[in-house]
Amino acid sequence: MRRLFPVTEETAAQALAADAGREREEGTGGPASGGAGDLADREWSLPELAAAYAYPEPARRGHTAWLRANMVSTLDGAAQHEGRSQPISGPADMQIFGTLRALADVVVVGAETVRQEGYRPARARAAFAAAREAAGQGPAPAIAVVSARLELDFTLPLFTAPLVPTLVLTGAAAAPDRIAAAERAGARVVIAGDGAEVDPARAVRALAGLGHTRLLTEGGPRLLGRFVAAGALDELCLTLAPMLTAGDAQRIAGGSRVAVPRRFELVSLLEETGYLFARYQRS
C-alpha cells in the first residue's frame, strides 16, 4: 500500500497524470477520476513514481544543473546503523532509490560511502530504458566519486567494469600517481577544486559541463553537509524510517554548521508501511 499526501497541486497533478496513463495502458476505462485518493491503497507503478519524482524542466531550475539528494533517517535522526544505511531502509525505500537513480544523469557519492557501502556500478533497468533514451540519457547513470586523496581501490568493479565510465572528482593538488592509477583503471578524473579538496559548487558546474544536469547525491553525510554549506543543494528526498536506534550515529548531513539555516519547501509526501517519503525543494 502506498498513499499520497498531496502538498501542492502540481505534485498531485503529476501523479494523477501517470495514474491516467496507467489506466489507458491497462485498458481499465479512461482517465483517473481526478482526486488524489485515486492513488491510495495500492502499489504505485514505476511510471507513476517516475512522474512523482521527475526533475524540474530546465526553464524552472533557474540554473543549468539540478542537484537532488536522497537520504534515509530513523525517527531519532540516525542516518546509519553500524556504519551502513541498509539496515534502516526497506523495500519501498529501495524502489524509490532505484527510481531516483533511473532518472539521474549522474550519482555523486563520497569516497567513504563508496568504501562503507560497497558501491557497484549503476545498472541498466529495462523498465526505464525507453524513457532514458527519449531524454537523451545513456543506459545508466554514471557514478561520480568525490575524493581528495584518491585512496580508493581501483580494482573494484565500480572502476573496472561500469556500464558507463566512472568519474572521480578531486582537487588540483591530488597526488599525480593516484590520478594516474584512476585513469589506468578506466575512470575519468575531473578536477573540481584548486587545492586538495573538491569545491562543491565547482563540482556541480563541472558535471554540468560534461552534460550531466540531473544530479543525484546519495551522501554520505559529510558530502551532503558540504553541498548544503555551499548552497548547492536544490532538493532533498528524505525517507523517514519508523525506527529508533539511539546511539551516536551520524545525521544525514555533517560537517560545519551553516550560519543561517537553509529553508526548504515540502512538495510531496508518500507513505508505505510506516515509512514516509518526503520531497523538499529549495525555497
# chains A, B, ... in the order shown; residues from 1 in each chain; ligands from 1

$ select_by_dssp --residues "stretch 61-197 of chain A" --states "helix (DSSP H, G or I)" --output "PyMOL selection string"
chain A and resi 61+86-88+91-103+111-117+126-134+157-160+176-184

$ residues_around --residues "A:Arg68" --least-positions-apart "3" --cutoff "12 Å" --atoms "only C-alpha atoms" --output "number ranges by chain"
A: 53-56, 61, 65, 71, 100-101, 103-109, 204, 213-219, 224, 227-228, 232-238, 279-282

$ write_last_selection --atoms "N, CA, C and O atoms" --output "short mmCIF file (atom, residue, chain, number, x, y, z; two decimals), in the first residue's frame"
data_model
loop_
_atom_site.label_atom_id
_atom_site.label_comp_id
_atom_site.auth_asym_id
_atom_site.auth_seq_id
_atom_site.Cartn_x
_atom_site.Cartn_y
_atom_site.Cartn_z
N TYR A 53 8.55 11.95 -9.11
CA TYR A 53 9.90 12.39 -8.78
C TYR A 53 10.64 13.00 -9.98
O TYR A 53 11.86 13.13 -9.95
N ALA A 54 9.91 13.39 -11.00
CA ALA A 54 10.55 13.95 -12.20
C ALA A 54 11.36 15.20 -11.85
O ALA A 54 10.96 16.01 -11.01
N TYR A 55 12.50 15.34 -12.49
CA TYR A 55 13.31 16.56 -12.32
C TYR A 55 12.56 17.75 -12.90
O TYR A 55 11.85 17.60 -13.90
N PRO A 56 12.72 18.92 -12.33
CA PRO A 56 12.10 20.11 -12.93
C PRO A 56 12.64 20.34 -14.33
O PRO A 56 13.79 20.02 -14.63
N ARG A 61 14.45 25.54 -13.38
CA ARG A 61 15.55 25.31 -12.44
C ARG A 61 16.22 26.61 -12.01
O ARG A 61 16.72 26.71 -10.89
N ALA A 65 22.19 22.99 -13.84
CA ALA A 65 22.07 21.67 -13.22
C ALA A 65 21.13 21.71 -12.03
O ALA A 65 20.90 22.76 -11.42
N MET A 71 18.36 10.53 0.93
CA MET A 71 18.91 10.05 2.19
C MET A 71 17.81 9.38 3.00
O MET A 71 16.61 9.62 2.80
N LEU A 100 14.96 6.98 -8.44
CA LEU A 100 15.76 8.21 -8.47
C LEU A 100 17.03 8.02 -9.29
O LEU A 100 17.44 8.91 -10.04
N ARG A 101 17.66 6.88 -9.14
CA ARG A 101 18.85 6.59 -9.95
C ARG A 101 18.50 6.55 -11.44
O ARG A 101 19.25 7.05 -12.28
N LEU A 103 16.33 8.15 -13.01
CA LEU A 103 16.03 9.48 -13.54
C LEU A 103 17.28 10.34 -13.68
O LEU A 103 17.25 11.35 -14.38
N ALA A 104 18.36 9.97 -13.03
CA ALA A 104 19.55 10.82 -12.93
C ALA A 104 20.52 10.60 -14.08
O ALA A 104 20.61 9.51 -14.66
N ASP A 105 21.28 11.67 -14.39
CA ASP A 105 22.41 11.55 -15.32
C ASP A 105 23.64 10.99 -14.61
O ASP A 105 24.41 10.24 -15.20
N VAL A 106 23.80 11.39 -13.35
CA VAL A 106 25.00 11.01 -12.61
C VAL A 106 24.66 10.91 -11.13
O VAL A 106 23.82 11.67 -10.62
N VAL A 107 25.27 9.96 -10.44
CA VAL A 107 25.12 9.78 -8.99
C VAL A 107 26.43 10.20 -8.34
O VAL A 107 27.48 9.60 -8.62
N VAL A 108 26.37 11.21 -7.48
CA VAL A 108 27.56 11.75 -6.83
C VAL A 108 27.65 11.18 -5.42
O VAL A 108 26.69 11.27 -4.64
N VAL A 109 28.79 10.62 -5.08
CA VAL A 109 28.92 9.93 -3.80
C VAL A 109 30.32 10.17 -3.23
O VAL A 109 31.29 10.31 -3.98
N VAL A 204 29.50 20.72 -9.16
CA VAL A 204 28.21 20.75 -9.87
C VAL A 204 28.40 21.35 -11.26
O VAL A 204 27.89 20.83 -12.26
N THR A 213 23.17 17.20 -16.13
CA THR A 213 22.40 18.28 -15.50
C THR A 213 21.40 17.78 -14.47
O THR A 213 20.90 18.55 -13.68
N ARG A 214 21.10 16.48 -14.49
CA ARG A 214 20.21 15.87 -13.50
C ARG A 214 21.08 15.09 -12.53
O ARG A 214 21.45 13.95 -12.78
N LEU A 215 21.43 15.75 -11.43
CA LEU A 215 22.40 15.21 -10.48
C LEU A 215 21.69 14.61 -9.27
O LEU A 215 20.70 15.15 -8.79
N LEU A 216 22.21 13.50 -8.79
CA LEU A 216 21.71 12.84 -7.59
C LEU A 216 22.88 12.54 -6.68
O LEU A 216 23.87 11.93 -7.12
N THR A 217 22.81 12.94 -5.42
CA THR A 217 23.83 12.53 -4.46
C THR A 217 23.19 11.63 -3.41
O THR A 217 22.08 11.89 -2.95
N GLU A 218 23.88 10.57 -3.07
CA GLU A 218 23.43 9.62 -2.05
C GLU A 218 24.33 9.69 -0.81
O GLU A 218 24.39 8.77 -0.02
N GLY A 219 25.01 10.84 -0.67
CA GLY A 219 25.84 11.03 0.50
C GLY A 219 27.26 10.54 0.29
O GLY A 219 27.73 10.43 -0.83
N LEU A 224 27.10 15.46 1.85
CA LEU A 224 25.85 16.21 1.81
C LEU A 224 25.98 17.51 2.60
O LEU A 224 25.51 18.57 2.16
N PHE A 227 27.65 20.08 0.46
CA PHE A 227 26.75 20.65 -0.54
C PHE A 227 25.78 21.65 0.09
O PHE A 227 25.50 22.70 -0.47
N VAL A 228 25.28 21.32 1.29
CA VAL A 228 24.38 22.23 2.00
C VAL A 228 25.10 23.53 2.34
O VAL A 228 24.58 24.63 2.11
N ALA A 232 24.58 24.56 -2.62
CA ALA A 232 24.49 23.91 -3.93
C ALA A 232 23.34 22.92 -4.03
O ALA A 232 23.05 22.42 -5.13
N LEU A 233 22.68 22.60 -2.92
CA LEU A 233 21.62 21.59 -2.93
C LEU A 233 20.29 22.21 -3.33
O LEU A 233 19.86 23.20 -2.73
N ASP A 234 19.64 21.61 -4.33
CA ASP A 234 18.34 22.10 -4.79
C ASP A 234 17.18 21.33 -4.19
O ASP A 234 16.08 21.88 -4.03
N GLU A 235 17.39 20.06 -3.88
CA GLU A 235 16.27 19.21 -3.47
C GLU A 235 16.76 18.10 -2.55
O GLU A 235 17.85 17.57 -2.72
N LEU A 236 15.92 17.75 -1.58
CA LEU A 236 16.20 16.63 -0.68
C LEU A 236 15.04 15.66 -0.71
O LEU A 236 13.90 16.03 -0.43
N CYS A 237 15.32 14.42 -1.06
CA CYS A 237 14.36 13.33 -0.95
C CYS A 237 14.73 12.55 0.31
O CYS A 237 15.77 11.90 0.35
N LEU A 238 13.89 12.65 1.32
CA LEU A 238 14.21 12.09 2.63
C LEU A 238 13.24 10.98 2.99
O LEU A 238 12.03 11.18 3.04
N ARG A 279 9.67 14.91 -0.07
CA ARG A 279 10.46 15.58 -1.11
C ARG A 279 10.43 17.07 -0.83
O ARG A 279 9.36 17.69 -0.81
N TYR A 280 11.59 17.64 -0.59
CA TYR A 280 11.73 19.06 -0.29
C TYR A 280 12.55 19.75 -1.38
O TYR A 280 13.52 19.18 -1.87
N GLN A 281 12.15 20.98 -1.72
CA GLN A 281 12.93 21.76 -2.66
C GLN A 281 13.30 23.11 -2.06
O GLN A 281 12.59 23.61 -1.18
N ARG A 282 14.39 23.66 -2.54
CA ARG A 282 14.88 24.94 -2.07
C ARG A 282 13.77 26.00 -2.20
O ARG A 282 13.13 26.11 -3.25
#

$ atom_distance --atom1 "atom CA of A:Glu271" --atom2 "atom CA of A:Arg222"
27.4 Å

$ residues_around --residues "A:Ile143" --least-positions-apart "3" --cutoff "12 Å" --atoms "only C-alpha atoms" --output "ChimeraX atom specification"
/A:101,104-111,114,119-123,140,146,157-159,161-169,187-189,207,212,215-218

$ atom_distance --atom1 "atom CA of A:Leu270" --atom2 "atom CA of A:Gly98"
15.9 Å

$ select_by_dssp --residues "stretch 49-267 of chain A" --states "strand (DSSP E)" --output "ChimeraX atom specification"
/A:66-74,106-110,142-146,167-170,188-191,214-217,235-241,264-267

$ closest_residue --among "A:Thr99, A:Leu152, A:Val72, A:Ala144" --to "A:Ala124" --atoms "only C-alpha atoms"
A:Thr99
